[in-house]
Structure formats: structure tokens, C-alpha cells
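> Here it is, the structure, as C-alpha cells.
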Amino acid sequence: MATMNRTPGDLDLGPNPQGRIGKAIEIPVLENFGLDSQIGPTFLGLWNVAAYVTGGIFTFIWLAVMAIQVNWNPVAFAKYFFVLQIDPPASFYGLSFPPLNQGGWWLISTFFLTISIFCWYMHLYTRARTLGIKPYLAYGFTGAIVLYLVIYLIRPMWMADWSEAPSHGLKALLDWTNNVSVRYGNFYYNPFHMLSIFFLLGSTVLLAMHAGTIWALEKYAAHEEWDELQAPGTGTERAQLFWRWCMGFNANAYSIHLWAFWFAWLCGVTGAIGVFLSMPDFVNNWFQWGIEAGIAYPQFPQPSQ
Amino acid sequence: MSGTKAKDPRFPDFGFTVEEGARSTRVPGGRTIEEMEPEYKIKGKTTFSALFKNDPFDFWVGPFYVGFWGFVSVLGIIFGSYFYLNATVVNGPFSLPQNFFAGRLDPPPAEVGLALVSPGQPGFVWQMTVLFATLAFFGWMMRQVDISMKLNMGYHIAIAYGVVFSSWVTLQIIRPIALGMWHEGFVLGVMPHLDWVSNFGYRYNNFFYNPFHAIGITGLFGSTWLLACHGSLILSAAQYRGPEGGDIENIFFRDTIVYSVGESGIHRLGFLFACGGVLSANLCILFSGWPVQDWVSFWNFWNVLPWWSGV
């Protein structure tokens, strides 16, 4: 602690407190569930305002076009909310700009959604820099951004066909996921899909292990992780010994978060690779690919057992 | 910590209190495993010693704690692995590395129902593998209880493990019993179990329309997202040298998304997301083929709800 420098600025607002709006709202009952009771103050700057505006335009176009599809009938809107969708341009149009109701709204709304995502990245990045911490949350966000870009922009543009992108709509997103798997010969045989699922389930396991460990050791203050990083106490020691005794090796208060970061980031990135490779130019049929690679066995001999 | 606010007396603290002196145990840089481990390696405080006077299994092998449940678990691992590997890898139809991926153990045929299969008949090895794997998983969970007792921890890890163990039990035991045949259990094998999952998804028309599947997937994606947020936040603040590192984490999230759930809150939220997602996934499998045969027509009720059936 002797090596610490006192940061300039207000202790409650952190360094560089400019740009904050609002006052802290206390909801004490949240403390009873272990959640922080303070809401706000928050920060308004160029990047998050830009993200809210462009994201708001995307949402407005999405909702308005869906409302037009049901003639602005609110009951019908509620009834069909999950199945209404804005479709991308048909393959007929290639990458040219179609009439608004034949994919034009999709192009415009996707444009604003993409701008919003990049502004949010800048928001996370600049806020971390201003507060004097590393911008790793922004770096982690790149895993999701890459997956988004591949699905919505890069792969459709590579194939010169916007209709390869998902429609904007709740059921439509599920349908696209289902159809892209079936169209390209079953994603279960796509090794990058396997990796992505591995990291998805692995992230859930890691989260359950880490969160369970820390929750179980709150009485030893193991949840004060920044303090435990500087000087591990009995809570962190017990956490380490639990996993050493259980599975023979353990992370520590720092390295468990490295595991966490990479597992979650790789879930998006490996998924992006798997989606990008699924096109006639590269892999048209993952089941066929699996047979050729020697991992799919449609002609399995009748088992003796 | 200095950031902690005074408790509102109207809201009694049902949460946690940090034990007296826990913070004073912090050592700059930390202690090595060799330095700290002897302090914690105490005798007793196990489930077995709570029931009986002596615990003959209360010892470590290398880094591993054994205990009665470790003994049970190892038995399950050895016998289960023997049945599985002997049938699929050692005596499989291809080369050994190919057998590792292609090897499959099918559950008993449908006409067996819920009977036990005799040795040499189809499904016997599957039943033995499932039996011993269940024993191994249960023993592993109880071993986590033992270790938690020894280290004076809560039982959260064992509960989380119990949640994923419940998935195994739901798929291989509860649902087959509900449907009256072991045949409904899933095929064991690296690639064949993927085939089984793929087929299962389309056997009930389309799993993407299964609402419990949707909630389960939301739990998994939500867990991955929370893990990314939490992991990157701790790494980002690790080199911060202000007076209170925990505060800068809260300030960062209040600045970016208005609310920071807090140091204890993120772990509670993460635990509930991960466990809740898996529990919902259990239901999505259990209900398929039992009350629900078709997840697409399942949604027909939506269109005829009285308040908008005429629209």
C-alpha cells in the first residue's frame, strides 16, 4: 500500500469527474441480496450519446416497419411481435440498393446498428482510458463485434448477397440460425462451431465455478477481488486450495480472470470463423466435410454390444 | 472497505457479513501453496466423520483430497471407463484414434423398456456405463461438499455441480423412466452424441421454438457475456493504483451502463445465470416427447388467446 499514489479528483467520482450527470440513487434493499445499492451517477459523452442515438434510430426503424406491416394495429403488433421481421434485400438485388420495402429499410437500419456498436466500443474504450484503467472490456467486446460483423456484413458482402444476412426480428434470428446450419450441411460437423460451443459451455462452467467459489467465501472477503489481487487473504487461499484439492490444480485471483476473458472472447471469434467459412466458396456441406476429414461416420458398423 | 455505506436499519442484512479479521489476513503478493497449505490440512470435518467416529478415507494423494466420496468417485471412474473404453475404443471397429471419435454406445432397444439388460445383450454396456458414471458424478459432488466443509466454505460449488449433475440425471434416468424405456437415453460417444443432439432437435420438429431451450440458451449466452464483463473488468483494474481499486470498478460500470452490480453482486448474478440456464435446459429436454411432441405447433395456443384471437 505504501507504493500507491493518491489519484487526483473526487473519491466518489474517481479521477476526471467531468461529464457526470445525475445524483446517486440509493435502493438499500438491494444490499440484502448482495447487490450494490447505488444507481448512478452516470456519464454522458460523445460516444455513448452517439451510440444511444444511432441505436435508437435502428430500434425506431425496426419497430416502425413492423408496425406498418400490421397497419399500426397495437393488438396485432403485440400478437405478432415475435414473428414480425424486416427482411434483407433478395439475392436478385445483389449488393445494389433496393426499394425501401424490399430490403432498403434493412440496409438503413443495419447501417445505424453497426454505427451504434462501434460507438459503444469507443465509449467503453475512452471511459476506461479516462478513468485510468485498461480498456479490456472494450477488447472483450471485439469478440462479439467480430461475430456480428461476419454474420451481418462481411459474409453477405463476400457472397455479394445481402439475403444471406439474418432478418431483423426475434423469430427471424432463430430461423436464420436454424437455416444456415441446415443449408450448409449441419453445423454440428463444423469444427469452429464445435470450438465455439466448447467455449460457450466452458464459459458457463467457468462462471459457475468462479462465482460459486467467491460466493461461498464471501465471509472471508474473497469477493473484494481488487484487494485480493494486491494482497491475497484467507478467502483467496481457501479458493485456491479448494480447486487444488478437488481437481489437482488451481488458478489464482488474477489468472482465473484471464481464463474467463479468453474463454468468453474465443466463443465469439471461433463462431465468427465457423460462420464465415460456411459458403459455397469454402465449405458448402459440413457433413460431407466431416466424412472427408474422418470425423463423421454415417456407415458405422452395427455395434456388437 | 471505505466505500461501504451505513446500513439502513429498515432493511436487516440477510446477505453476508465478512468475518472479523478476514481482511487482516491479506499478505502483499500472497503466500505460496507450500506456505499456506499445511495450515488448512486439518483432520476431520468431513461428511463421513460427522456420522462415524473415525474417517479412514480422510487423506490426500498428491494435491488431491480423497475422502469417502473420493473413494466412491474413483470406483465409478474406473468401472465406468472400463465399460466405455473397452467397448468403444479397445474393441471398436476402426483404429484406436478413430474409435475415440467414432466409438458409440447405444442405449438398450425400445422393447427392453425399463428392464435391466443381461451381460452380452444390446444395451448392457450402456447401462453399466451410465450406472458407474452416475456414481462417479454423485461422488464427485459429495467430495466437493467434503472439501467445502474442510475449508469452512459455503456449499455453492457443490450446488452448481449438482445442477449440471441434474442434467445428466434428467437425460439418462428421469426422462427415460418418464417415457418408459432406457432407449430414450442419449448415445454415449464423442461424435455420436452430437448426432443424437442434432437428431433430437428435429425429432420434435424444431428445438429453436422450444421456449425452455430459448431460456437455456439465453442463460448460456448471458453467462458468457457476464464472464467477459467480469473477467475483463478485474484484469483492467488489476494494475490500477488508486486508493480503492474496488471503487474504480464500480465507477466504470456506473459511467458506462448507469449501474454497477458490485463485487459480491456480480458473483451472485453469475452463479444464478449459469445455474438457471442449465436448469431451464433440463426442462427443455424433459418436456420433449413427454408432454410436448412438436415445439412448432406448441405455439398454437398463442394465436387463440382470447384477447386477440379475432385479430
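Lettering and numbering for the C-alpha cells are positional, with chains as A, B, ... in the shown order, residues counted from 1 in each chain, and ligands counted from 1 in the shown order.
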I want to know what sits within 8 Å of stretch 209-216 of chain B, based on only C-alpha atoms, with residues of the same chain fewer than 4 positions away left out; could you give that as a list in words?
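The residues that qualify are Leu220, Gly276, Gly277, Val278, Leu279, Ser280, Ala281, Leu283, Cys284, Trp295 and Val296 of chain B.
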> Among stretch 55-257 of chain A, which residues does DSSP mark as alpha helix (DSSP H) when it is run on the backbone? Keep the chain and numbering as in the structure and answer as a ChimeraX atom specification.
/A:55-69,74-79,104-131,136-149,155-158,170-183,191-216,225-230,234-247,255-257
> When distances are computed from only C-alpha atoms, which of B:Cys229, B:Ala238, B:Cys275, B:Ile251 shows the smallest separation from A:Trp262?
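Nearest candidate to A:Trp262 out of B:Cys229, B:Ala238, B:Cys275, B:Ile251: B:Cys229.
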> Can you tell me how far atom CA of A:Glu228 sits from atom CA of A:Pro28, in Å to one decimal?
25.8 Å
> Output as CSV one row per residue of stretch 130-242 of chain A within 12 Å of stretch 30-45 of chain A: the closest atom pair and its distance in Å to one decimal place, counting only C-alpha atoms, sorted by chain and residue number ascending.

```
residue,atom,partner,partner_atom,distance
A:Thr130,CA,A:Phe43,CA,11.6
A:Leu131,CA,A:Phe43,CA,11.7
A:Trp215,CA,A:Gly34,CA,9.6
A:Glu218,CA,A:Gly34,CA,9.8
A:Lys219,CA,A:Gly34,CA,11.9
A:His223,CA,A:Gly34,CA,10.6
```
> Excluding stretch 61-69 of chain A and any residue of its chain fewer than 3 positions from it, enumerate the residues within 10 Å of it, using only C-alpha atoms, and give them as a PyMOL selection string.
chain A and resi 55-58+72-74+76-78+80-81+83-86+101+105-106+108-110+112+168-169
> Work out how far apart atom CA of B:Lys150 and atom CA of B:Thr25 are and give it in Å to one decimal.
18.6 Å
> Would you pick out the contacts of B:Pro28 at 8 Å or less, using only C-alpha atoms, so that residues sharing its chain but fewer than 5 positions from it are not included, and give the list as a ChimeraX atom specification?
/A:230-232
> Please produce a file of those selected residues containing C-alpha atoms, as a PDB file, in the first residue's frame.

```
ATOM      1  CA  GLN A 230      -2.793  -6.796  -4.330  1.00  0.00           C
ATOM      2  CA  ALA A 231      -2.629  -8.933  -1.187  1.00  0.00           C
ATOM      3  CA  PRO A 232      -4.343 -12.335  -1.161  1.00  0.00           C
TER       4      PRO A 232
END
```
> I want to know what sits within 7 Å of stretch 247-255 of chain A, based on only C-alpha atoms, with residues of the same chain fewer than 6 positions away left out; could you give that as JSON, numbers by chain?
{"A": [228, 229, 236, 240], "B": [63, 64]}
> Excluding stretch 33-47 of chain B and residues on its chain fewer than 5 positions from it, collect all residues at most 12 Å away from it, counting only C-alpha atoms, and give them as a ChimeraX atom specification.
/A:232-245,249-252 /B:25,27,52-60,63-70,139,142-153
> For N, CA and C atoms, I'd like the residues from the last selection saved as a short mmCIF file (atom, residue, chain, number, x, y, z; two decimals), in the first residue's frame.

```cif
data_model
loop_
_atom_site.label_atom_id
_atom_site.label_comp_id
_atom_site.auth_asym_id
_atom_site.auth_seq_id
_atom_site.Cartn_x
_atom_site.Cartn_y
_atom_site.Cartn_z
N PRO A 232 -3.38 -11.25 -1.37
CA PRO A 232 -4.34 -12.34 -1.16
C PRO A 232 -4.50 -12.66 0.32
N GLY A 233 -5.75 -12.85 0.73
CA GLY A 233 -6.03 -13.20 2.11
C GLY A 233 -6.55 -14.62 2.23
N THR A 234 -7.14 -14.93 3.38
CA THR A 234 -7.53 -16.31 3.62
C THR A 234 -8.64 -16.77 2.68
N GLY A 235 -9.47 -15.83 2.21
CA GLY A 235 -10.53 -16.21 1.28
C GLY A 235 -9.96 -16.76 -0.02
N THR A 236 -8.99 -16.02 -0.58
CA THR A 236 -8.37 -16.46 -1.83
C THR A 236 -7.57 -17.74 -1.61
N GLU A 237 -6.93 -17.86 -0.45
CA GLU A 237 -6.16 -19.08 -0.17
C GLU A 237 -7.08 -20.29 -0.14
N ARG A 238 -8.23 -20.14 0.49
CA ARG A 238 -9.18 -21.26 0.53
C ARG A 238 -9.71 -21.57 -0.86
N ALA A 239 -9.96 -20.52 -1.65
CA ALA A 239 -10.44 -20.73 -3.02
C ALA A 239 -9.42 -21.54 -3.82
N GLN A 240 -8.15 -21.17 -3.67
CA GLN A 240 -7.11 -21.88 -4.41
C GLN A 240 -7.01 -23.32 -3.94
N LEU A 241 -7.06 -23.52 -2.61
CA LEU A 241 -6.91 -24.88 -2.09
C LEU A 241 -8.10 -25.74 -2.46
N PHE A 242 -9.30 -25.15 -2.54
CA PHE A 242 -10.46 -25.95 -2.91
C PHE A 242 -10.21 -26.65 -4.24
N TRP A 243 -9.78 -25.84 -5.23
CA TRP A 243 -9.63 -26.44 -6.57
C TRP A 243 -8.40 -27.31 -6.66
N ARG A 244 -7.35 -26.99 -5.91
CA ARG A 244 -6.17 -27.87 -5.88
C ARG A 244 -6.58 -29.23 -5.32
N TRP A 245 -7.35 -29.24 -4.22
CA TRP A 245 -7.74 -30.50 -3.62
C TRP A 245 -8.79 -31.22 -4.47
N PHE A 249 -5.21 -28.93 -9.62
CA PHE A 249 -4.52 -27.68 -9.93
C PHE A 249 -5.48 -26.53 -9.72
N ASN A 250 -4.94 -25.31 -9.69
CA ASN A 250 -5.81 -24.19 -9.42
C ASN A 250 -5.32 -22.94 -10.12
N ALA A 251 -6.23 -22.02 -10.35
CA ALA A 251 -5.87 -20.68 -10.81
C ALA A 251 -5.61 -19.83 -9.57
N ASN A 252 -5.33 -18.57 -9.76
CA ASN A 252 -5.31 -17.66 -8.62
C ASN A 252 -6.24 -16.49 -8.91
N THR B 25 -5.88 -10.84 7.15
CA THR B 25 -5.02 -11.96 6.75
C THR B 25 -4.32 -11.70 5.43
N VAL B 27 -1.85 -10.79 2.67
CA VAL B 27 -0.39 -10.69 2.63
C VAL B 27 0.00 -10.12 1.28
N PHE B 52 -19.56 -41.12 11.66
CA PHE B 52 -18.83 -42.18 12.35
C PHE B 52 -17.67 -41.58 13.12
N LYS B 53 -17.10 -42.38 14.00
CA LYS B 53 -16.06 -41.84 14.88
C LYS B 53 -14.78 -41.57 14.09
N ASN B 54 -14.39 -42.53 13.26
CA ASN B 54 -13.15 -42.36 12.51
C ASN B 54 -13.45 -42.29 11.02
N ASP B 55 -12.60 -41.58 10.31
CA ASP B 55 -12.73 -41.48 8.86
C ASP B 55 -11.47 -42.05 8.21
N PRO B 56 -11.53 -43.32 7.78
CA PRO B 56 -10.33 -43.95 7.20
C PRO B 56 -9.94 -43.36 5.85
N PHE B 57 -10.84 -42.61 5.25
CA PHE B 57 -10.55 -42.06 3.90
C PHE B 57 -10.05 -40.63 3.96
N ASP B 58 -9.83 -40.10 5.14
CA ASP B 58 -9.51 -38.69 5.32
C ASP B 58 -8.03 -38.43 5.06
N PHE B 59 -7.63 -38.47 3.78
CA PHE B 59 -6.21 -38.20 3.46
C PHE B 59 -6.10 -37.63 2.04
N TRP B 60 -4.92 -37.14 1.73
CA TRP B 60 -4.64 -36.56 0.40
C TRP B 60 -3.72 -37.50 -0.38
N PRO B 63 -1.81 -33.59 -4.72
CA PRO B 63 -2.65 -32.44 -4.45
C PRO B 63 -4.10 -32.81 -4.17
N PHE B 64 -4.52 -34.04 -4.51
CA PHE B 64 -5.93 -34.41 -4.46
C PHE B 64 -6.36 -34.80 -3.05
N TYR B 65 -7.52 -34.27 -2.64
CA TYR B 65 -8.15 -34.80 -1.44
C TYR B 65 -8.95 -36.04 -1.82
N VAL B 66 -8.92 -37.09 -1.00
CA VAL B 66 -9.62 -38.32 -1.33
C VAL B 66 -10.95 -38.36 -0.58
N GLY B 67 -10.96 -38.74 0.67
CA GLY B 67 -12.22 -38.81 1.42
C GLY B 67 -13.07 -39.98 0.96
N PHE B 68 -14.12 -40.29 1.73
CA PHE B 68 -15.00 -41.40 1.38
C PHE B 68 -15.58 -41.21 -0.02
N TRP B 69 -15.99 -39.97 -0.33
CA TRP B 69 -16.65 -39.72 -1.63
C TRP B 69 -15.65 -39.74 -2.76
N GLY B 70 -14.40 -39.40 -2.48
CA GLY B 70 -13.37 -39.56 -3.50
C GLY B 70 -13.18 -41.03 -3.83
N GLY B 139 -20.46 -38.99 -6.46
CA GLY B 139 -19.34 -38.99 -5.53
C GLY B 139 -18.51 -37.71 -5.64
N MET B 142 -20.33 -34.93 -3.84
CA MET B 142 -20.22 -35.05 -2.39
C MET B 142 -18.80 -34.78 -1.91
N ARG B 143 -17.81 -35.09 -2.76
CA ARG B 143 -16.43 -34.78 -2.42
C ARG B 143 -16.25 -33.26 -2.34
N GLN B 144 -16.93 -32.53 -3.22
CA GLN B 144 -16.87 -31.07 -3.14
C GLN B 144 -17.51 -30.58 -1.84
N VAL B 145 -18.55 -31.29 -1.38
CA VAL B 145 -19.14 -30.95 -0.08
C VAL B 145 -18.10 -31.16 1.02
N ASP B 146 -17.39 -32.30 0.96
CA ASP B 146 -16.36 -32.59 1.96
C ASP B 146 -15.29 -31.50 2.00
N ILE B 147 -14.80 -31.13 0.81
CA ILE B 147 -13.72 -30.13 0.76
C ILE B 147 -14.24 -28.78 1.26
N SER B 148 -15.50 -28.45 0.90
CA SER B 148 -16.08 -27.20 1.39
C SER B 148 -16.17 -27.21 2.91
N MET B 149 -16.56 -28.34 3.49
CA MET B 149 -16.63 -28.42 4.95
C MET B 149 -15.25 -28.23 5.55
N LYS B 150 -14.26 -28.86 4.96
CA LYS B 150 -12.90 -28.76 5.50
C LYS B 150 -12.39 -27.32 5.48
N LEU B 151 -12.71 -26.59 4.41
CA LEU B 151 -12.21 -25.23 4.26
C LEU B 151 -13.18 -24.21 4.84
N ASN B 152 -14.24 -24.69 5.49
CA ASN B 152 -15.23 -23.80 6.11
C ASN B 152 -15.83 -22.83 5.10
N MET B 153 -16.17 -23.36 3.91
CA MET B 153 -16.78 -22.56 2.85
C MET B 153 -18.28 -22.84 2.81
#
```
> Tell me, as a VMD selection string, which residues lie within 8 Å of A:Leu207, counting only C-alpha atoms; anything in the same chain fewer than 6 positions away does not count.
(chain A and resid 260) or (chain B and resid 223 to 224 227 270 to 271 274)
> Determine the nearest neighbour of chain A from the options B:Leu269, B:Val18, B:Ile78, B:Leu286, counting only C-alpha atoms.
B:Val18
> How many Å separate atom CA of A:Phe192 from atom CA of B:Asn205?
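Result for atom CA of A:Phe192 versus atom CA of B:Asn205: 25.6 Å, one decimal.
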> Nearest to B:Trp140: which of B:Tyr161, B:Trp168, B:Tyr84, B:Trp299 is it, counting only C-alpha atoms?
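Smallest distance to B:Trp140 is found for B:Tyr161.
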